[in-house]
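Written out below as structure tokens is the structure these notes cover.
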Amino acid sequence: MNAPHAVPPRITAPEDEARQLDATDPGHRHLFHVPPADGGRYPEAAYLAGNSLGLQPRATREELLADLDAWRRLGVEGHLEAQRPWLPYHELLTEPAARLVGARPAETVVMNSLTVNLHLLMVSFYRPAGPRTRIVIEDSAFPSDSYAVRSQARFHGLDPDETVVRLRPRPGEDTLRTEDVTDYLATAGDRVALVLLGGVNYLTGELLDIPAITAA
């Protein structure tokens with residue numbers, strides 16, 4: 001189910017401090033196309049929709065056109081004969097993806113969509129048995145993640161309303177504390193078959209302590 005979203009916490013800082021942080025680490029804004037802020041005080045928009053569709057990298061158009069040109073020149077032979085062959089294309093992404101997620105290249109593959117990959121992971125690792133059937137997620141999980149875990153519960157003949165545990169922030173708070181997750185596992189862990197949490201929550205930007213949760 002699509003749960004109601006909590007209001008993200010307000011972040012405030014003096015303008016001079018923000019400018020100093022920008023000067024220290026200017027980032028990579030110049031590598032992306034930023035939409036114009038028509039009618040605004042500044043020429044470019046402040047774009048904060050990275051969880052939905054990020055800004056287009058300036059290199060994307062040239063890279064895509066190169067592959068389209070290979071398709072035009074080579075047709076189906078582009079699978080093996082293109083400068084970046086399509087058949088093993090995922091192998092080109094293995095090294096940078098491994099660095100990004102902190103894994104070994106042999107442990108990393110780029111494939112499918114997030115929801116498809118979640119289903120593949122859960123088909124492999126979600127093995128409910130006896131009283132150990134619950135799936136723990138955060139209440140502010142991305143909606144498609146919520147649908148995926150509910151469908152996995154049904155796939156195993158379980159009631160998703162009883163199987164899926166949605167951990168919520170404490171009253172008056174906007175984010176889930178790591179200790180709330182570990183405390184739940186300490187008290188009900190013998191009934192939990194799977195913990196599926198976003199390392200960085202898509203809605204609030206919260207960074208959960210995944211190593212501590214994994215240890216718990």
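In the structure tokens, each chain is lettered A, B, ... as it comes, each chain's residues begin at 1, and ligands are numbered from 1 in order of appearance.
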
Using only C-alpha atoms, what table do you get, as a tab-separated table, when you list each residue of region 118-151 of chain A with an atom no more than 8 Å from region 182-204 of chain A, its nearest pair of atoms, and their distance in Å rounded to one decimal, rows by chain then rising number?
```
residue	atom	partner	partner_atom	distance
A:Phe125	CA	A:Leu194	CA	7.9
A:Tyr126	CA	A:Leu194	CA	6.1
A:Arg127	CA	A:Ala193	CA	6.8
A:Pro128	CA	A:Ala193	CA	5.8
A:Pro131	CA	A:Arg191	CA	5.5
A:Arg132	CA	A:Arg191	CA	3.9
A:Thr133	CA	A:Ala193	CA	5.1
A:Arg134	CA	A:Val192	CA	4.5
A:Ile135	CA	A:Leu194	CA	4.8
A:Val136	CA	A:Val195	CA	4.7
A:Ile137	CA	A:Leu196	CA	5.2
A:Glu138	CA	A:Leu197	CA	6.2
A:Ser140	CA	A:Leu203	CA	7.0
A:Ala141	CA	A:Asn201	CA	7.2
A:Phe142	CA	A:Tyr202	CA	6.8
```

File dump, residues just selected, all heavy atoms, as a compact mmCIF listing (two decimals), in the first residue's frame:
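Result saved to out.txt:
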```
# COMPACT_ATOMS: atom_id res chain seq x y z
N PHE A 125 16.22 -14.97 -1.40
CA PHE A 125 16.61 -14.86 0.01
C PHE A 125 15.44 -14.81 0.99
O PHE A 125 15.66 -15.02 2.19
CB PHE A 125 17.49 -13.63 0.21
CG PHE A 125 18.81 -13.71 -0.51
CD1 PHE A 125 19.06 -12.92 -1.62
CD2 PHE A 125 19.79 -14.59 -0.08
CE1 PHE A 125 20.27 -13.01 -2.29
CE2 PHE A 125 20.99 -14.68 -0.75
CZ PHE A 125 21.24 -13.89 -1.85
N TYR A 126 14.24 -14.53 0.54
CA TYR A 126 13.10 -14.53 1.45
C TYR A 126 12.54 -15.93 1.54
O TYR A 126 11.87 -16.39 0.62
CB TYR A 126 12.04 -13.53 1.00
CG TYR A 126 10.80 -13.52 1.86
CD1 TYR A 126 10.89 -13.39 3.24
CD2 TYR A 126 9.54 -13.64 1.29
CE1 TYR A 126 9.76 -13.38 4.04
CE2 TYR A 126 8.40 -13.62 2.09
CZ TYR A 126 8.52 -13.51 3.45
OH TYR A 126 7.38 -13.50 4.24
N ARG A 127 12.86 -16.61 2.62
CA ARG A 127 12.45 -18.00 2.82
C ARG A 127 11.66 -18.13 4.12
O ARG A 127 12.17 -18.60 5.13
CB ARG A 127 13.69 -18.91 2.87
CG ARG A 127 14.63 -18.81 1.66
CD ARG A 127 14.05 -19.45 0.42
NE ARG A 127 14.95 -19.37 -0.71
CZ ARG A 127 15.90 -20.25 -0.98
NH1 ARG A 127 16.10 -21.28 -0.15
NH2 ARG A 127 16.67 -20.13 -2.04
N PRO A 128 10.41 -17.69 4.13
CA PRO A 128 9.62 -17.76 5.37
C PRO A 128 9.39 -19.21 5.79
O PRO A 128 9.11 -20.07 4.95
CB PRO A 128 8.31 -17.07 4.99
CG PRO A 128 8.21 -17.22 3.49
CD PRO A 128 9.63 -17.17 3.00
N PRO A 131 7.31 -19.66 12.38
CA PRO A 131 6.93 -18.32 12.82
C PRO A 131 7.78 -17.21 12.21
O PRO A 131 7.44 -16.04 12.32
CB PRO A 131 7.16 -18.39 14.34
CG PRO A 131 8.26 -19.38 14.51
CD PRO A 131 8.03 -20.42 13.42
N ARG A 132 8.89 -17.56 11.54
CA ARG A 132 9.79 -16.54 10.98
C ARG A 132 9.33 -16.21 9.57
O ARG A 132 9.80 -16.79 8.58
CB ARG A 132 11.23 -17.07 11.00
CG ARG A 132 12.27 -15.99 10.65
CD ARG A 132 13.67 -16.59 10.62
NE ARG A 132 14.17 -16.91 11.94
CZ ARG A 132 14.81 -16.04 12.74
NH1 ARG A 132 15.01 -14.80 12.34
NH2 ARG A 132 15.23 -16.43 13.92
N THR A 133 8.42 -15.23 9.48
CA THR A 133 7.83 -14.88 8.19
C THR A 133 7.85 -13.39 7.88
O THR A 133 7.64 -12.99 6.74
CB THR A 133 6.36 -15.34 8.14
OG1 THR A 133 5.63 -14.69 9.19
CG2 THR A 133 6.25 -16.85 8.31
N ARG A 134 8.10 -12.55 8.86
CA ARG A 134 7.89 -11.11 8.69
C ARG A 134 8.95 -10.47 7.78
O ARG A 134 10.10 -10.89 7.76
CB ARG A 134 7.90 -10.42 10.05
CG ARG A 134 6.72 -10.79 10.92
CD ARG A 134 6.78 -10.08 12.27
NE ARG A 134 5.67 -10.50 13.12
CZ ARG A 134 5.53 -10.14 14.39
NH1 ARG A 134 6.45 -9.35 14.95
NH2 ARG A 134 4.50 -10.56 15.09
N ILE A 135 8.50 -9.44 7.07
CA ILE A 135 9.37 -8.59 6.27
C ILE A 135 9.33 -7.20 6.91
O ILE A 135 8.26 -6.62 7.08
CB ILE A 135 8.91 -8.50 4.81
CG1 ILE A 135 8.84 -9.90 4.17
CG2 ILE A 135 9.84 -7.59 4.01
CD1 ILE A 135 8.24 -9.89 2.78
N VAL A 136 10.49 -6.66 7.25
CA VAL A 136 10.57 -5.35 7.89
C VAL A 136 11.04 -4.33 6.86
O VAL A 136 12.09 -4.50 6.22
CB VAL A 136 11.55 -5.37 9.08
CG1 VAL A 136 11.72 -3.97 9.66
CG2 VAL A 136 11.03 -6.34 10.16
N ILE A 137 10.26 -3.25 6.70
CA ILE A 137 10.64 -2.12 5.84
C ILE A 137 10.36 -0.83 6.61
O ILE A 137 9.70 -0.84 7.65
CB ILE A 137 9.90 -2.11 4.50
CG1 ILE A 137 8.40 -1.91 4.71
CG2 ILE A 137 10.17 -3.39 3.71
CD1 ILE A 137 7.62 -1.73 3.41
N GLU A 138 10.85 0.29 6.10
CA GLU A 138 10.51 1.57 6.71
C GLU A 138 9.18 2.05 6.13
O GLU A 138 8.84 1.78 4.98
CB GLU A 138 11.61 2.61 6.50
CG GLU A 138 11.77 3.12 5.07
CD GLU A 138 12.79 2.35 4.28
OE1 GLU A 138 12.71 1.09 4.30
OE2 GLU A 138 13.64 2.98 3.63
N SER A 140 8.25 4.87 5.24
CA SER A 140 8.40 5.82 4.13
C SER A 140 9.18 5.20 2.97
O SER A 140 9.84 5.91 2.22
CB SER A 140 9.12 7.09 4.61
OG SER A 140 10.37 6.76 5.18
N ALA A 141 9.10 3.87 2.82
CA ALA A 141 9.76 3.22 1.69
C ALA A 141 9.15 3.70 0.39
O ALA A 141 7.98 4.12 0.33
CB ALA A 141 9.62 1.70 1.80
N PHE A 142 9.94 3.64 -0.68
CA PHE A 142 9.42 4.02 -1.99
C PHE A 142 8.21 3.14 -2.32
O PHE A 142 8.22 1.94 -2.04
CB PHE A 142 10.51 3.83 -3.05
CG PHE A 142 10.23 4.59 -4.32
CD1 PHE A 142 10.43 5.96 -4.37
CD2 PHE A 142 9.78 3.94 -5.45
CE1 PHE A 142 10.17 6.66 -5.53
CE2 PHE A 142 9.51 4.64 -6.62
CZ PHE A 142 9.70 6.01 -6.66
```

> If you run DSSP on the backbone, which residues of region 32-170 of chain A are strand (DSSP E), as number ranges by chain?
Replying inline: A: 32-33, 56-57, 134-138, 164-167

Suppose we keep N, CA, C and O atoms; can you now write the selection as a PDB file, in the first residue's frame?
```pdb
ATOM      1  N   PHE A  32      26.096  18.821 -15.698  1.00  0.00           N
ATOM      2  CA  PHE A  32      24.694  18.500 -15.928  1.00  0.00           C
ATOM      3  C   PHE A  32      23.949  19.669 -16.576  1.00  0.00           C
ATOM      4  O   PHE A  32      24.322  20.824 -16.410  1.00  0.00           O
ATOM      5  N   HIS A  33      22.893  19.340 -17.290  1.00  0.00           N
ATOM      6  CA  HIS A  33      21.973  20.344 -17.802  1.00  0.00           C
ATOM      7  C   HIS A  33      20.970  20.670 -16.692  1.00  0.00           C
ATOM      8  O   HIS A  33      20.220  19.801 -16.253  1.00  0.00           O
ATOM      9  N   GLN A  56      19.983  15.631 -16.495  1.00  0.00           N
ATOM     10  CA  GLN A  56      20.647  14.945 -17.602  1.00  0.00           C
ATOM     11  C   GLN A  56      22.129  15.324 -17.636  1.00  0.00           C
ATOM     12  O   GLN A  56      22.472  16.508 -17.727  1.00  0.00           O
ATOM     13  N   PRO A  57      23.032  14.355 -17.574  1.00  0.00           N
ATOM     14  CA  PRO A  57      24.454  14.665 -17.740  1.00  0.00           C
ATOM     15  C   PRO A  57      24.701  15.225 -19.145  1.00  0.00           C
ATOM     16  O   PRO A  57      24.098  14.792 -20.126  1.00  0.00           O
ATOM     17  N   ARG A 134       8.098 -12.552   8.861  1.00  0.00           N
ATOM     18  CA  ARG A 134       7.893 -11.111   8.689  1.00  0.00           C
ATOM     19  C   ARG A 134       8.947 -10.472   7.784  1.00  0.00           C
ATOM     20  O   ARG A 134      10.104 -10.892   7.757  1.00  0.00           O
ATOM     21  N   ILE A 135       8.496  -9.444   7.068  1.00  0.00           N
ATOM     22  CA  ILE A 135       9.370  -8.587   6.273  1.00  0.00           C
ATOM     23  C   ILE A 135       9.334  -7.201   6.907  1.00  0.00           C
ATOM     24  O   ILE A 135       8.259  -6.623   7.080  1.00  0.00           O
ATOM     25  N   VAL A 136      10.489  -6.659   7.248  1.00  0.00           N
ATOM     26  CA  VAL A 136      10.575  -5.348   7.889  1.00  0.00           C
ATOM     27  C   VAL A 136      11.042  -4.325   6.861  1.00  0.00           C
ATOM     28  O   VAL A 136      12.085  -4.500   6.220  1.00  0.00           O
ATOM     29  N   ILE A 137      10.255  -3.250   6.702  1.00  0.00           N
ATOM     30  CA  ILE A 137      10.640  -2.121   5.843  1.00  0.00           C
ATOM     31  C   ILE A 137      10.356  -0.831   6.605  1.00  0.00           C
ATOM     32  O   ILE A 137       9.699  -0.841   7.648  1.00  0.00           O
ATOM     33  N   GLU A 138      10.853   0.293   6.099  1.00  0.00           N
ATOM     34  CA  GLU A 138      10.512   1.573   6.706  1.00  0.00           C
ATOM     35  C   GLU A 138       9.180   2.054   6.134  1.00  0.00           C
ATOM     36  O   GLU A 138       8.842   1.783   4.981  1.00  0.00           O
ATOM     37  N   VAL A 164       4.056  -7.904   6.519  1.00  0.00           N
ATOM     38  CA  VAL A 164       4.907  -6.741   6.285  1.00  0.00           C
ATOM     39  C   VAL A 164       4.819  -5.798   7.483  1.00  0.00           C
ATOM     40  O   VAL A 164       3.743  -5.303   7.825  1.00  0.00           O
ATOM     41  N   VAL A 165       5.953  -5.544   8.123  1.00  0.00           N
ATOM     42  CA  VAL A 165       6.040  -4.646   9.269  1.00  0.00           C
ATOM     43  C   VAL A 165       6.652  -3.325   8.798  1.00  0.00           C
ATOM     44  O   VAL A 165       7.788  -3.299   8.319  1.00  0.00           O
ATOM     45  N   ARG A 166       5.903  -2.240   8.952  1.00  0.00           N
ATOM     46  CA  ARG A 166       6.346  -0.920   8.505  1.00  0.00           C
ATOM     47  C   ARG A 166       6.769  -0.126   9.743  1.00  0.00           C
ATOM     48  O   ARG A 166       5.927   0.279  10.546  1.00  0.00           O
ATOM     49  N   LEU A 167       8.063   0.092   9.903  1.00  0.00           N
ATOM     50  CA  LEU A 167       8.566   0.816  11.055  1.00  0.00           C
ATOM     51  C   LEU A 167       8.427   2.323  10.832  1.00  0.00           C
ATOM     52  O   LEU A 167       8.888   2.849   9.823  1.00  0.00           O
TER      53      LEU A 167
END
```

>> To one decimal place in Å, what is the distance between CA of Glu17 (chain A) and CA of Arg177 (chain A)?
In response: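 Computed distance, CA of Glu17 (chain A) to CA of Arg177 (chain A), equals 27.4 Å.
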
Which residues are near Met122 (chain A)? Cut-off 10 Å, only C-alpha atoms, ignore same chain within fewer than 6 positions. Put them as a tab-separated table (two decimals) with N, CA, C and O atoms, in the first residue's frame.
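So selection-v1.tsv came out as:
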```tsv
chain	number	residue	atom	x	y	z
A	116	VAL	N	12.33	-5.11	-10.38
A	116	VAL	CA	12.65	-6.46	-10.86
A	116	VAL	C	13.76	-7.06	-10.01
A	116	VAL	O	13.69	-8.22	-9.58
A	148	ALA	N	6.26	-4.44	-3.87
A	148	ALA	CA	7.06	-5.64	-4.10
A	148	ALA	C	7.03	-6.57	-2.90
A	148	ALA	O	6.84	-7.79	-3.04
A	149	VAL	N	7.23	-6.02	-1.70
A	149	VAL	CA	7.25	-6.89	-0.52
A	149	VAL	C	5.87	-7.48	-0.25
A	149	VAL	O	5.75	-8.63	0.19
A	152	GLN	N	5.42	-10.35	-2.58
A	152	GLN	CA	6.21	-11.51	-2.18
A	152	GLN	C	5.53	-12.27	-1.04
A	152	GLN	O	5.55	-13.50	-1.00
A	153	ALA	N	4.91	-11.55	-0.12
A	153	ALA	CA	4.17	-12.21	0.95
A	153	ALA	C	3.03	-13.05	0.36
A	153	ALA	O	2.83	-14.21	0.74
A	194	LEU	N	13.15	-11.28	6.78
A	194	LEU	CA	13.81	-10.38	5.85
A	194	LEU	C	13.73	-8.94	6.35
A	194	LEU	O	12.67	-8.51	6.81
A	196	LEU	N	14.39	-5.22	4.75
A	196	LEU	CA	14.63	-4.55	3.47
A	196	LEU	C	14.49	-3.05	3.69
A	196	LEU	O	13.39	-2.52	3.76
```

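Residue nearest Glu63 (chain A), chosen from A:Gly40, A:His119, A:Arg84, A:Tyr47 and counting only C-alpha atoms: A:Arg84.
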
>> Report, in Å with one decimal, the straight-line distance from CA of Leu48 (chain A) to CA of His90 (chain A).
In response: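 Calculated distance between CA of Leu48 (chain A) and CA of His90 (chain A) is 28.3 Å.
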
> In Å, with one decimal, what is the gap from CA of Thr108 (chain A) to CA of Glu91 (chain A)?
Replying inline: 9.6 Å
